[in-house]
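> As input, take protein36.txt (compact mmCIF, C-alpha atoms and all ligand atoms):
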# COMPACT_ATOMS: atom_id res chain seq x y z
CA MET A 1 -22.49 -10.14 6.86
CA PRO A 2 -20.93 -6.77 5.99
CA GLN A 3 -20.78 -5.89 2.32
CA ILE A 4 -18.57 -2.81 2.36
CA ASN A 5 -15.11 -2.13 3.79
CA ARG A 6 -13.94 1.41 4.52
CA GLN A 7 -10.21 1.94 4.01
CA PHE A 8 -7.63 4.73 4.05
CA LEU A 9 -5.16 4.61 1.18
CA LEU A 10 -1.92 6.58 0.87
CA ALA A 11 -2.93 9.18 -1.74
CA SER A 12 0.32 11.17 -1.94
CA ARG A 13 3.69 11.43 -0.24
CA PRO A 14 4.14 14.27 2.28
CA GLN A 15 6.50 17.14 1.54
CA GLY A 16 7.54 17.93 5.12
CA ALA A 17 4.68 17.61 7.59
CA VAL A 18 1.87 15.12 6.91
CA THR A 19 -1.44 16.68 5.80
CA PRO A 20 -4.93 15.13 5.68
CA ASP A 21 -4.89 15.08 1.87
CA ASN A 22 -2.01 12.60 1.93
CA PHE A 23 -4.76 10.04 2.67
CA ARG A 24 -7.86 8.98 0.71
CA LEU A 25 -10.90 7.26 2.21
CA VAL A 26 -12.48 4.65 -0.06
CA GLN A 27 -15.32 2.16 0.19
CA THR A 28 -14.56 -1.25 -1.23
CA PRO A 29 -16.98 -4.19 -1.63
CA LEU A 30 -16.08 -7.20 0.50
CA ALA A 31 -15.72 -10.30 -1.71
CA PRO A 32 -17.06 -13.62 -0.34
CA LEU A 33 -14.40 -15.60 1.54
CA ALA A 34 -12.44 -18.25 -0.33
CA ASP A 35 -11.65 -21.59 1.31
CA GLY A 36 -8.96 -21.10 3.97
CA GLU A 37 -9.77 -17.42 4.55
CA ILE A 38 -11.01 -15.53 7.59
CA ARG A 39 -12.68 -12.15 7.96
CA VAL A 40 -11.88 -9.98 10.95
CA ARG A 41 -13.76 -6.95 12.25
CA ASN A 42 -10.96 -4.68 13.41
CA HIS A 43 -11.67 -3.12 16.82
CA TYR A 44 -8.57 -0.94 17.18
CA LEU A 45 -5.96 0.41 14.78
CA SER A 46 -2.54 1.31 16.13
CA LEU A 47 -0.98 4.57 14.96
CA ASP A 48 2.81 4.52 15.20
CA PRO A 49 5.62 6.94 14.30
CA TYR A 50 7.23 4.40 11.92
CA MET A 51 4.32 4.99 9.50
CA ARG A 52 5.74 8.45 8.77
CA GLY A 53 8.94 6.90 7.40
CA ARG A 54 6.98 4.47 5.23
CA MET A 55 5.16 7.40 3.61
CA ASN A 56 8.46 8.58 2.06
CA ASP A 57 9.83 7.05 -1.11
CA SER A 58 13.35 6.80 0.26
CA LYS A 59 15.83 4.10 1.19
CA SER A 60 15.26 2.79 4.70
CA TYR A 61 15.17 -0.45 6.66
CA ALA A 62 11.71 -1.19 5.17
CA ALA A 63 10.17 -0.69 1.74
CA PRO A 64 8.01 2.44 1.25
CA GLN A 65 4.26 2.21 1.62
CA PRO A 66 2.97 1.96 -1.98
CA LEU A 67 0.67 4.75 -3.18
CA ASP A 68 -3.03 3.89 -3.56
CA GLU A 69 -2.78 0.93 -1.20
CA VAL A 70 -4.22 0.56 2.31
CA MET A 71 -2.00 2.32 4.87
CA ILE A 72 0.03 -0.15 6.89
CA GLY A 73 -0.89 -0.58 10.56
CA GLY A 74 -1.24 -3.04 13.41
CA THR A 75 -4.80 -4.00 14.37
CA VAL A 76 -6.67 -6.05 16.92
CA GLY A 77 -10.11 -7.44 16.24
CA GLU A 78 -12.50 -10.37 16.21
CA VAL A 79 -13.00 -13.12 13.64
CA ILE A 80 -16.54 -12.70 12.27
CA GLU A 81 -16.41 -15.32 9.52
CA SER A 82 -14.06 -18.27 9.01
CA LYS A 83 -13.38 -20.78 6.27
CA ASN A 84 -10.10 -21.69 7.97
CA PRO A 85 -10.14 -24.58 10.48
CA LYS A 86 -7.48 -22.85 12.63
CA PHE A 87 -9.78 -19.91 13.41
CA ALA A 88 -13.26 -19.81 14.89
CA VAL A 89 -15.82 -17.03 14.84
CA GLY A 90 -15.26 -15.00 18.02
CA ASP A 91 -11.49 -15.51 18.15
CA LYS A 92 -9.66 -12.31 19.10
CA VAL A 93 -6.64 -11.65 16.90
CA VAL A 94 -3.70 -9.33 16.34
CA ALA A 95 -2.70 -8.67 12.74
CA ILE A 96 -1.32 -6.01 10.44
CA PHE A 97 -4.50 -5.31 8.50
CA GLY A 98 -3.84 -1.57 8.23
CA TRP A 99 -6.15 1.43 8.21
CA GLN A 100 -9.42 -0.34 7.44
CA GLU A 101 -12.47 -1.67 9.22
CA TYR A 102 -12.25 -5.30 8.04
CA GLY A 103 -9.32 -7.59 7.37
CA THR A 104 -9.37 -10.66 5.15
CA SER A 105 -6.56 -13.19 5.38
CA ASP A 106 -5.56 -16.79 4.86
CA GLY A 107 -4.36 -16.68 8.47
CA ALA A 108 -0.70 -15.95 7.75
CA GLY A 109 0.62 -13.41 10.26
CA VAL A 110 -2.63 -13.43 12.26
CA GLN A 111 -2.09 -14.27 15.96
CA LYS A 112 -4.85 -15.35 18.31
CA VAL A 113 -4.76 -13.54 21.67
CA ASP A 114 -6.50 -14.02 24.99
CA ASP A 115 -8.24 -10.90 26.29
CA THR A 116 -9.39 -12.44 29.56
CA HIS A 117 -6.73 -10.73 31.68
CA VAL A 118 -5.11 -8.38 29.16
CA PRO A 119 -7.41 -5.87 27.40
CA LEU A 120 -7.49 -6.34 23.64
CA SER A 121 -6.09 -2.86 22.96
CA ALA A 122 -3.01 -3.58 25.10
CA TYR A 123 -1.83 -6.00 22.41
CA LEU A 124 -1.07 -2.91 20.32
CA GLY A 125 0.76 -1.20 23.19
CA PRO A 126 2.59 -2.62 26.20
CA VAL A 127 1.92 -6.23 25.15
CA GLY A 128 2.60 -5.55 21.49
CA MET A 129 5.24 -4.03 19.24
CA PRO A 130 5.92 -0.93 21.41
CA GLY A 131 6.32 -3.08 24.53
CA VAL A 132 8.73 -5.47 22.83
CA THR A 133 10.66 -2.46 21.51
CA ALA A 134 11.10 -1.20 25.07
CA TRP A 135 12.00 -4.67 26.33
CA TYR A 136 14.62 -5.26 23.62
CA GLY A 137 16.37 -1.91 23.81
CA LEU A 138 16.46 -1.92 27.59
CA ASN A 139 17.39 -5.54 28.23
CA ARG A 140 19.54 -6.34 25.22
CA ILE A 141 21.35 -3.03 24.65
CA ILE A 142 21.30 -0.97 27.85
CA ALA A 143 21.18 -3.97 30.24
CA PRO A 144 20.96 -1.76 33.32
CA LYS A 145 22.54 -2.79 36.60
CA ALA A 146 20.94 -1.94 39.94
CA GLY A 147 21.76 1.61 40.94
CA GLU A 148 22.54 2.82 37.41
CA THR A 149 20.66 5.73 35.84
CA VAL A 150 18.59 5.18 32.68
CA VAL A 151 17.15 8.14 30.76
CA VAL A 152 14.37 7.71 28.22
CA SER A 153 12.91 10.38 25.92
CA ALA A 154 9.24 10.49 24.83
CA ALA A 155 8.83 9.00 28.30
CA SER A 156 5.04 9.16 28.55
CA GLY A 157 4.57 7.43 25.20
CA ALA A 158 3.92 3.85 24.19
CA VAL A 159 7.58 2.76 24.17
CA GLY A 160 9.05 5.19 26.70
CA SER A 161 6.51 4.45 29.43
CA VAL A 162 7.46 0.76 29.35
CA VAL A 163 11.21 1.45 29.24
CA GLY A 164 11.18 3.42 32.49
CA GLN A 165 9.00 0.94 34.36
CA LEU A 166 11.18 -2.00 33.30
CA ALA A 167 14.30 -0.04 34.26
CA LYS A 168 12.82 0.55 37.73
CA GLN A 169 12.02 -3.14 38.05
CA ALA A 170 15.67 -3.86 37.22
CA GLY A 171 16.71 -1.67 40.16
CA ALA A 172 17.87 1.30 38.10
CA ARG A 173 17.04 4.96 38.57
CA ALA A 174 14.63 5.94 35.78
CA VAL A 175 14.52 9.49 34.45
CA GLY A 176 12.13 10.52 31.71
CA ILE A 177 12.15 13.41 29.26
CA ALA A 178 8.71 14.50 28.06
CA GLY A 179 6.89 17.50 26.65
CA GLY A 180 4.91 19.45 29.24
CA VAL A 181 4.08 19.55 32.93
CA GLU A 182 1.13 17.17 32.70
CA LYS A 183 3.07 14.44 30.90
CA CYS A 184 5.97 14.78 33.36
CA ARG A 185 3.65 14.55 36.35
CA TYR A 186 2.15 11.35 34.93
CA VAL A 187 5.60 9.87 34.28
CA VAL A 188 6.59 10.32 37.92
CA GLU A 189 3.33 9.91 39.80
CA THR A 190 1.65 7.14 37.79
CA LEU A 191 4.50 5.36 36.03
CA GLY A 192 6.83 5.62 39.05
CA PHE A 193 9.90 7.14 37.37
CA ASP A 194 12.29 8.84 39.80
CA ALA A 195 12.22 12.12 37.86
CA CYS A 196 11.03 13.62 34.59
CA VAL A 197 12.40 16.61 32.71
CA ASP A 198 10.07 18.81 30.68
CA TYR A 199 12.10 19.63 27.56
CA LYS A 200 9.60 22.34 26.65
CA ALA A 201 10.39 24.32 29.82
CA GLY A 202 13.43 25.84 28.09
CA ASN A 203 16.18 24.66 30.45
CA LEU A 204 16.77 21.14 29.21
CA TYR A 205 20.43 20.59 29.99
CA GLN A 206 20.33 22.17 33.46
CA ASP A 207 17.12 20.33 34.39
CA LEU A 208 18.55 17.04 33.14
CA LYS A 209 21.74 17.64 35.10
CA ALA A 210 19.71 18.19 38.26
CA ALA A 211 17.71 15.01 37.62
CA THR A 212 20.81 12.90 36.98
CA PRO A 213 23.26 13.81 39.78
CA ASP A 214 25.30 10.63 39.16
CA GLY A 215 25.34 11.03 35.38
CA ILE A 216 23.65 8.69 32.90
CA ASP A 217 24.58 5.04 32.27
CA GLY A 218 21.84 4.09 29.81
CA CYS A 219 20.02 6.25 27.28
CA PHE A 220 16.96 4.97 25.44
CA GLU A 221 16.64 7.46 22.61
CA ASN A 222 13.27 8.04 20.96
CA VAL A 223 13.60 11.66 19.83
CA GLY A 224 17.08 12.76 18.67
CA GLY A 225 18.31 16.33 18.14
CA GLU A 226 18.65 18.57 21.17
CA VAL A 227 17.12 15.96 23.48
CA LEU A 228 19.79 13.38 22.59
CA ASP A 229 22.43 16.08 22.70
CA ALA A 230 21.60 16.99 26.30
CA THR A 231 21.64 13.32 27.29
CA LEU A 232 24.99 12.71 25.54
CA ALA A 233 26.53 15.50 27.56
CA ARG A 234 25.58 13.69 30.81
CA MET A 235 26.72 10.17 29.79
CA ASN A 236 29.09 8.33 32.13
CA PRO A 237 32.08 6.40 30.78
CA SER A 238 31.07 3.08 29.18
CA GLY A 239 27.44 4.19 28.95
CA ARG A 240 25.06 2.52 26.50
CA ILE A 241 22.75 4.33 24.09
CA ALA A 242 19.92 2.35 22.50
CA VAL A 243 18.88 4.37 19.44
CA CYS A 244 15.23 3.48 18.98
CA GLY A 245 13.81 6.49 17.14
CA TYR A 246 14.50 10.02 15.94
CA ILE A 247 10.97 11.39 15.93
CA ALA A 248 12.16 15.03 16.03
CA GLY A 249 13.39 14.53 12.46
CA TYR A 250 10.65 12.42 10.90
CA ASP A 251 9.21 15.34 8.92
CA GLY A 252 12.63 15.99 7.41
CA GLN A 253 14.01 18.50 9.95
CA PRO A 254 17.75 18.26 10.68
CA VAL A 255 18.57 16.65 14.06
CA PRO A 256 22.19 17.77 14.53
CA LEU A 257 24.40 16.68 17.44
CA LYS A 258 26.70 19.16 19.15
CA HIS A 259 28.66 16.61 21.18
CA PRO A 260 29.43 13.54 19.01
CA SER A 261 33.03 13.55 20.29
CA LEU A 262 31.68 12.35 23.65
CA ILE A 263 31.01 8.97 22.03
CA LEU A 264 34.78 8.59 21.84
CA THR A 265 35.88 10.30 25.02
CA GLN A 266 33.28 8.49 27.17
CA ARG A 267 33.76 5.19 25.26
CA LEU A 268 30.01 4.91 24.64
CA LEU A 269 28.22 2.01 23.01
CA VAL A 270 25.68 3.40 20.52
CA GLN A 271 23.41 0.75 19.03
CA GLY A 272 20.47 1.34 16.72
CA PHE A 273 17.89 -1.43 16.42
CA ILE A 274 14.68 -2.37 14.61
CA VAL A 275 12.46 -4.52 16.77
CA THR A 276 11.06 -6.58 13.90
CA GLU A 277 14.58 -7.84 13.17
CA HIS A 278 14.66 -9.55 16.57
CA MET A 279 11.69 -11.88 16.34
CA ASP A 280 13.53 -14.43 18.51
CA VAL A 281 12.90 -12.32 21.65
CA TRP A 282 9.20 -11.63 20.98
CA PRO A 283 7.74 -14.73 22.71
CA GLN A 284 9.73 -14.15 25.91
CA ALA A 285 9.14 -10.41 25.90
CA LEU A 286 5.40 -10.71 25.21
CA ASN A 287 5.05 -13.35 27.89
CA GLU A 288 6.77 -11.16 30.51
CA LEU A 289 4.93 -8.00 29.46
CA GLY A 290 1.56 -9.77 29.37
CA THR A 291 2.09 -11.10 32.87
CA LEU A 292 3.02 -7.64 34.16
CA VAL A 293 -0.06 -6.03 32.59
CA ALA A 294 -2.37 -8.80 33.84
CA GLN A 295 -0.95 -8.31 37.35
CA LYS A 296 -1.28 -4.52 36.98
CA LYS A 297 2.46 -4.14 37.57
CA LEU A 298 2.89 -2.26 34.29
CA GLN A 299 0.87 0.94 33.87
CA TYR A 300 -0.06 2.38 30.51
CA ARG A 301 -2.24 5.06 29.07
CA GLU A 302 -4.09 5.31 25.76
CA THR A 303 -5.30 8.17 23.60
CA ILE A 304 -8.21 6.84 21.57
CA ALA A 305 -9.55 8.54 18.44
CA GLN A 306 -13.10 7.52 17.57
CA GLY A 307 -13.82 5.97 14.17
CA LEU A 308 -11.72 5.35 11.08
CA ASP A 309 -12.41 8.88 9.76
CA ALA A 310 -10.41 10.27 12.69
CA ALA A 311 -7.23 8.36 11.81
CA PRO A 312 -5.43 11.00 9.68
CA GLU A 313 -5.84 13.80 12.24
CA ALA A 314 -4.85 11.46 15.07
CA PHE A 315 -1.73 10.43 13.18
CA ILE A 316 -0.79 14.05 12.44
CA GLY A 317 -1.30 14.77 16.15
CA LEU A 318 0.95 11.85 17.15
CA LEU A 319 3.82 13.36 15.17
CA LYS A 320 3.32 16.65 17.04
CA GLY A 321 3.15 15.06 20.50
CA LYS A 322 -0.62 15.58 20.93
CA ASN A 323 -1.05 11.96 22.00
CA PHE A 324 -0.70 11.09 25.67
CA GLY A 325 0.34 7.44 25.80
CA LYS A 326 -0.39 4.90 23.09
CA GLN A 327 -2.31 6.40 20.14
CA LEU A 328 -5.14 4.16 18.96
CA VAL A 329 -8.17 4.50 16.71
CA LYS A 330 -11.33 2.74 17.85
CA LEU A 331 -13.01 1.27 14.81
CA ILE A 332 -16.17 -0.23 16.28
N1 LIG B 401 13.40 0.94 16.52
C1 LIG B 401 12.24 0.33 16.55
O1 LIG B 401 12.11 -0.85 16.24
C2 LIG B 401 11.03 1.12 17.02
C3 LIG B 401 9.81 0.49 17.29
C4 LIG B 401 8.75 1.26 17.79
C5 LIG B 401 8.92 2.64 17.99
N2 LIG B 401 10.11 3.21 17.67
C6 LIG B 401 10.35 4.65 17.90
O2 LIG B 401 10.12 4.90 19.27
C7 LIG B 401 9.76 6.27 19.43
C8 LIG B 401 8.50 6.34 20.29
O3 LIG B 401 7.46 5.68 19.60
P1 LIG B 401 6.04 5.48 20.31
O4 LIG B 401 5.23 4.60 19.46
O5 LIG B 401 6.26 5.14 21.72
O6 LIG B 401 5.41 6.95 20.21
P2 LIG B 401 4.87 7.82 21.42
O7 LIG B 401 6.01 8.12 22.32
O8 LIG B 401 3.66 7.18 22.00
O9 LIG B 401 4.43 9.14 20.69
C9 LIG B 401 5.36 9.97 20.10
C10 LIG B 401 5.86 11.01 21.12
O10 LIG B 401 7.07 11.56 20.62
C11 LIG B 401 7.20 12.85 21.14
N3 LIG B 401 7.51 13.77 20.03
C12 LIG B 401 6.86 13.96 18.92
N4 LIG B 401 7.46 14.88 18.16
C13 LIG B 401 8.50 15.30 18.83
C14 LIG B 401 9.49 16.25 18.58
N5 LIG B 401 9.53 16.95 17.46
N6 LIG B 401 10.41 16.44 19.51
C15 LIG B 401 10.35 15.73 20.63
N7 LIG B 401 9.45 14.79 20.92
C16 LIG B 401 8.52 14.59 20.02
C17 LIG B 401 5.88 13.27 21.76
O11 LIG B 401 5.99 13.20 23.16
P3 LIG B 401 6.32 14.55 23.99
O12 LIG B 401 5.05 15.33 24.02
O13 LIG B 401 6.75 14.04 25.29
O14 LIG B 401 7.38 15.26 23.21
C18 LIG B 401 4.93 12.19 21.27
O15 LIG B 401 3.90 11.97 22.17
C19 LIG B 401 9.58 6.82 18.03
O16 LIG B 401 10.77 7.51 17.67
C20 LIG B 401 9.42 5.59 17.17
O17 LIG B 401 9.80 5.80 15.84
C21 LIG B 401 11.15 2.48 17.18
Would you mind writing the file's structure down as structure tokens?


Amino acid sequence: MPQINRQFLLASRPQGAVTPDNFRLVQTPLAPLADGEIRVRNHYLSLDPYMRGRMNDSKSYAAPQPLDEVMIGGTVGEVIESKNPKFAVGDKVVAIFGWQEYGTSDGAGVQKVDDTHVPLSAYLGPVGMPGVTAWYGLNRIIAPKAGETVVVSAASGAVGSVVGQLAKQAGARAVGIAGGVEKCRYVVETLGFDACVDYKAGNLYQDLKAATPDGIDGCFENVGGEVLDATLARMNPSGRIAVCGYIAGYDGQPVPLKHPSLILTQRLLVQGFIVTEHMDVWPQALNELGTLVAQKKLQYRETIAQGLDAAPEAFIGLLKGKNFGKQLVKLI
């Protein structure tokens, strides 16, 4: 049995952009299990934009990540030791064990998953929190009708890639916004969106106008700032905007809007949401998403950093758009 756990702690809070020295790698002895506990070897760690917000000591929808504690994070792994009758050695599980190689738990919050038809890593992506986020914002806020146009930013990413594919399956026209030619090609050719606008090409509003000849009925916003501004300017009357994330401002940059008056003049519904506040939809959403992935009707892509040591750089890269699809760290 392993004796040592390697963990990344939050060492300091970022001032602006995250730097590697905001994290500290430690080695901690693994105590023997108490009755009722399990030990899990984490196979993959999920890196997600929300972690950036938790690194700040500011008021938000969730408490800040405490200093000198293991960085928060979703994980998938395998039970390697169990003193809990509900778990057997070999069970595959999803949990929030954070940035560390082993997790120890009394079983609370640990979900068994079946990786026969759905790869284990997908439970951190399309069949996990990002997938449910896409499902909720699209189905419960935008609720697209056939023939409507839905635009999603960060379209090649973990959430955005699912939004566009679900919108297509609902009969809508799906238009992505993504950074770079390669990401846009993937969004159209592999994910099946109708169009994708490269916001880095320098002609965002005109390119979006060309890609949305009938205007926009649903906006799934992951970025904010100029990307949301361009979308706002194309919104049809009674359009719906699901505000999922504002990643362009996570390092503290301003994300101003030039056209907020359009919310009034176009009678727009603008609804922010936090997926973990809607646990009632998770079983249905995960069931539908799992079926789609198992049937290969939902495509997804992963960027996998190798080894726990690579987590800080991979996370810093995620906040700069260096990931292509779901950012994971392989821990074994
Ligand atoms: N509300 C909720 O409950 C909830 C839950 C999960 C996620 N989210 C939000 O959903 C959004 C997407 O999350 P994800 O996990 O799917 O991440 P992701 O899209 O897989 O990765 C982040 C992507 O954001 C884009 N990006 C990064 N910095 C940017 C910038 N300054 N300007 C424009 N785009 C930038 C990059 O794509 P490009 O290269 O294409 O720019 C990057 O690849 C995030 O805003 C996240 O906070 C919200």

> From the options A:Asp115, A:Asp21, A:Asp198, A:Glu288, which residue's atoms come nearest to Gly179 in chain A, counting only C-alpha atoms?

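With only C-alpha atoms as the atom set, the closest residue is A:Asp198.
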
> What residues of the protein or nucleic acid chains come within 6 Å of ligand LIG 401 (chain B) when you use only C-alpha atoms and all ligand atoms? Reply as an mmCIF file with C-alpha atoms, in the frame of the given file.


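Written out: part_15.cif:
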data_model
loop_
_atom_site.group_PDB
_atom_site.id
_atom_site.type_symbol
_atom_site.label_atom_id
_atom_site.label_comp_id
_atom_site.auth_asym_id
_atom_site.auth_seq_id
_atom_site.Cartn_x
_atom_site.Cartn_y
_atom_site.Cartn_z
ATOM 1 C CA ASP A 48 2.810 4.520 15.200
ATOM 2 C CA PRO A 49 5.620 6.940 14.300
ATOM 3 C CA TYR A 50 7.230 4.400 11.920
ATOM 4 C CA PRO A 130 5.920 -0.930 21.410
ATOM 5 C CA THR A 133 10.660 -2.460 21.510
ATOM 6 C CA ALA A 154 9.240 10.490 24.830
ATOM 7 C CA GLY A 157 4.570 7.430 25.200
ATOM 8 C CA ALA A 158 3.920 3.850 24.190
ATOM 9 C CA VAL A 159 7.580 2.760 24.170
ATOM 10 C CA GLY A 160 9.050 5.190 26.700
ATOM 11 C CA ALA A 178 8.710 14.500 28.060
ATOM 12 C CA GLY A 179 6.890 17.500 26.650
ATOM 13 C CA ASN A 222 13.270 8.040 20.960
ATOM 14 C CA VAL A 223 13.600 11.660 19.830
ATOM 15 C CA CYS A 244 15.230 3.480 18.980
ATOM 16 C CA GLY A 245 13.810 6.490 17.140
ATOM 17 C CA TYR A 246 14.500 10.020 15.940
ATOM 18 C CA ILE A 247 10.970 11.390 15.930
ATOM 19 C CA ALA A 248 12.160 15.030 16.030
ATOM 20 C CA PHE A 273 17.890 -1.430 16.420
ATOM 21 C CA ILE A 274 14.680 -2.370 14.610
ATOM 22 C CA VAL A 275 12.460 -4.520 16.770
ATOM 23 C CA LEU A 318 0.950 11.850 17.150
ATOM 24 C CA LEU A 319 3.820 13.360 15.170
ATOM 25 C CA LYS A 320 3.320 16.650 17.040
ATOM 26 C CA GLY A 321 3.150 15.060 20.500
ATOM 27 C CA LYS A 322 -0.620 15.580 20.930
ATOM 28 C CA ASN A 323 -1.050 11.960 22.000
ATOM 29 C CA PHE A 324 -0.700 11.090 25.670
ATOM 30 C CA GLY A 325 0.340 7.440 25.800
ATOM 31 C CA LYS A 326 -0.390 4.900 23.090
#

> Ranking A:Cys196, A:Ala108, A:Ile96, A:Met129 by minimum distance to His278 in chain A and counting only C-alpha atoms, which one comes first?

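Of the candidates, the smallest distance to His278 in chain A is held by A:Met129.
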
> If you count only C-alpha atoms, which residues fall within 8 Å of range 208-210 of chain A, apart from same-chain ones fewer than 6 positions away, as a ChimeraX atom specification?

/A:197,230-231,234

> Would you mind listing what lies within 8 Å of Val18 in chain A as a ChimeraX atom specification, with only C-alpha atoms counted and same-chain residues fewer than 2 positions away left out?

/A:14-16,20,22,52,251,316

> So the first atom is CA of Pro213 in chain A and the second is CA of Val132 in chain A; what is the distance between them in Å, to one decimal place?

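Going from CA of Pro213 in chain A over to CA of Val132 in chain A, I get 29.5 Å.
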
> Please, what distance in Å, to one decimal, runs between CA of Val329 in chain A and CA of Trp99 in chain A?

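Value for the CA of Val329 in chain A-CA of Trp99 in chain A distance: 9.3 Å.
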
> Considering all atoms listed in the file, can you say which of A:Gln299, A:Ser121, A:Gln206, A:Asn56 comes closest to Val187 in chain A?

A:Gln299

> What does the structure give for the distance between CA of Pro260 in chain A and CA of Gln165 in chain A, in Å to one decimal?

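For CA of Pro260 in chain A relative to CA of Gln165 in chain A, the distance reads 28.5 Å.
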
> For a quick check of understanding, using all atoms listed in the file, which of A:Leu204, A:Lys297, A:Gly215, A:Ile332 has the smallest distance to Glu78 in chain A?

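Closest to Glu78 in chain A of all the choices is A:Ile332.
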
> Taking 2 positions as the minimum chain separation for residues in the same chain, which residues sit within 6 Å of Val89 in chain A when counting all atoms listed in the file? Answer as a PyMOL selection string.

chain A and resi 79-81+91

> Need the shell around range 26-43 of chain A: protein/DNA/RNA residues with any atom at most 6 Å away, counting all atoms listed in the file. Skip same-chain ones fewer than 5 positions apart. Format as a PyMOL selection string?

chain A and resi 3-7+76-84+101-106+330-332

> Could you complete range 12-17 of chain A so that it carries all heavy atoms, and give it back as a JSON list (two decimals), in the coordinates of the input?


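Writing done, so here's part.json:
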[["chain", "number", "residue", "atom", "x", "y", "z"],
["A", 12, "SER", "N", -0.85, 10.43, -1.46],
["A", 12, "SER", "CA", 0.32, 11.17, -1.94],
["A", 12, "SER", "C", 1.37, 11.16, -0.84],
["A", 12, "SER", "O", 1.06, 10.92, 0.33],
["A", 12, "SER", "CB", -0.06, 12.61, -2.28],
["A", 12, "SER", "OG", -0.60, 13.26, -1.14],
["A", 13, "ARG", "N", 2.60, 11.43, -1.21],
["A", 13, "ARG", "CA", 3.69, 11.43, -0.24],
["A", 13, "ARG", "C", 3.86, 12.84, 0.34],
["A", 13, "ARG", "O", 3.83, 13.82, -0.42],
["A", 13, "ARG", "CB", 4.99, 10.94, -0.89],
["A", 13, "ARG", "CG", 4.83, 9.55, -1.47],
["A", 13, "ARG", "CD", 6.14, 8.85, -1.70],
["A", 13, "ARG", "NE", 5.89, 7.56, -2.36],
["A", 13, "ARG", "CZ", 5.52, 6.44, -1.74],
["A", 13, "ARG", "NH1", 5.37, 6.43, -0.44],
["A", 13, "ARG", "NH2", 5.30, 5.33, -2.41],
["A", 14, "PRO", "N", 4.03, 12.94, 1.67],
["A", 14, "PRO", "CA", 4.14, 14.27, 2.28],
["A", 14, "PRO", "C", 5.42, 14.98, 1.84],
["A", 14, "PRO", "O", 6.45, 14.34, 1.66],
["A", 14, "PRO", "CB", 4.20, 13.98, 3.78],
["A", 14, "PRO", "CG", 4.06, 12.52, 3.96],
["A", 14, "PRO", "CD", 4.14, 11.85, 2.64],
["A", 15, "GLN", "N", 5.32, 16.29, 1.70],
["A", 15, "GLN", "CA", 6.50, 17.14, 1.54],
["A", 15, "GLN", "C", 6.64, 17.86, 2.87],
["A", 15, "GLN", "O", 5.94, 18.81, 3.13],
["A", 15, "GLN", "CB", 6.30, 18.16, 0.41],
["A", 15, "GLN", "CG", 5.84, 17.56, -0.91],
["A", 15, "GLN", "CD", 6.88, 16.62, -1.49],
["A", 15, "GLN", "OE1", 8.08, 16.87, -1.42],
["A", 15, "GLN", "NE2", 6.43, 15.50, -2.05],
["A", 16, "GLY", "N", 7.49, 17.38, 3.76],
["A", 16, "GLY", "CA", 7.54, 17.93, 5.12],
["A", 16, "GLY", "C", 6.47, 17.29, 5.97],
["A", 16, "GLY", "O", 6.32, 16.07, 5.98],
["A", 17, "ALA", "N", 5.69, 18.15, 6.66],
["A", 17, "ALA", "CA", 4.68, 17.61, 7.59],
["A", 17, "ALA", "C", 3.56, 16.90, 6.83],
["A", 17, "ALA", "O", 3.19, 17.28, 5.72],
["A", 17, "ALA", "CB", 4.11, 18.75, 8.43]]
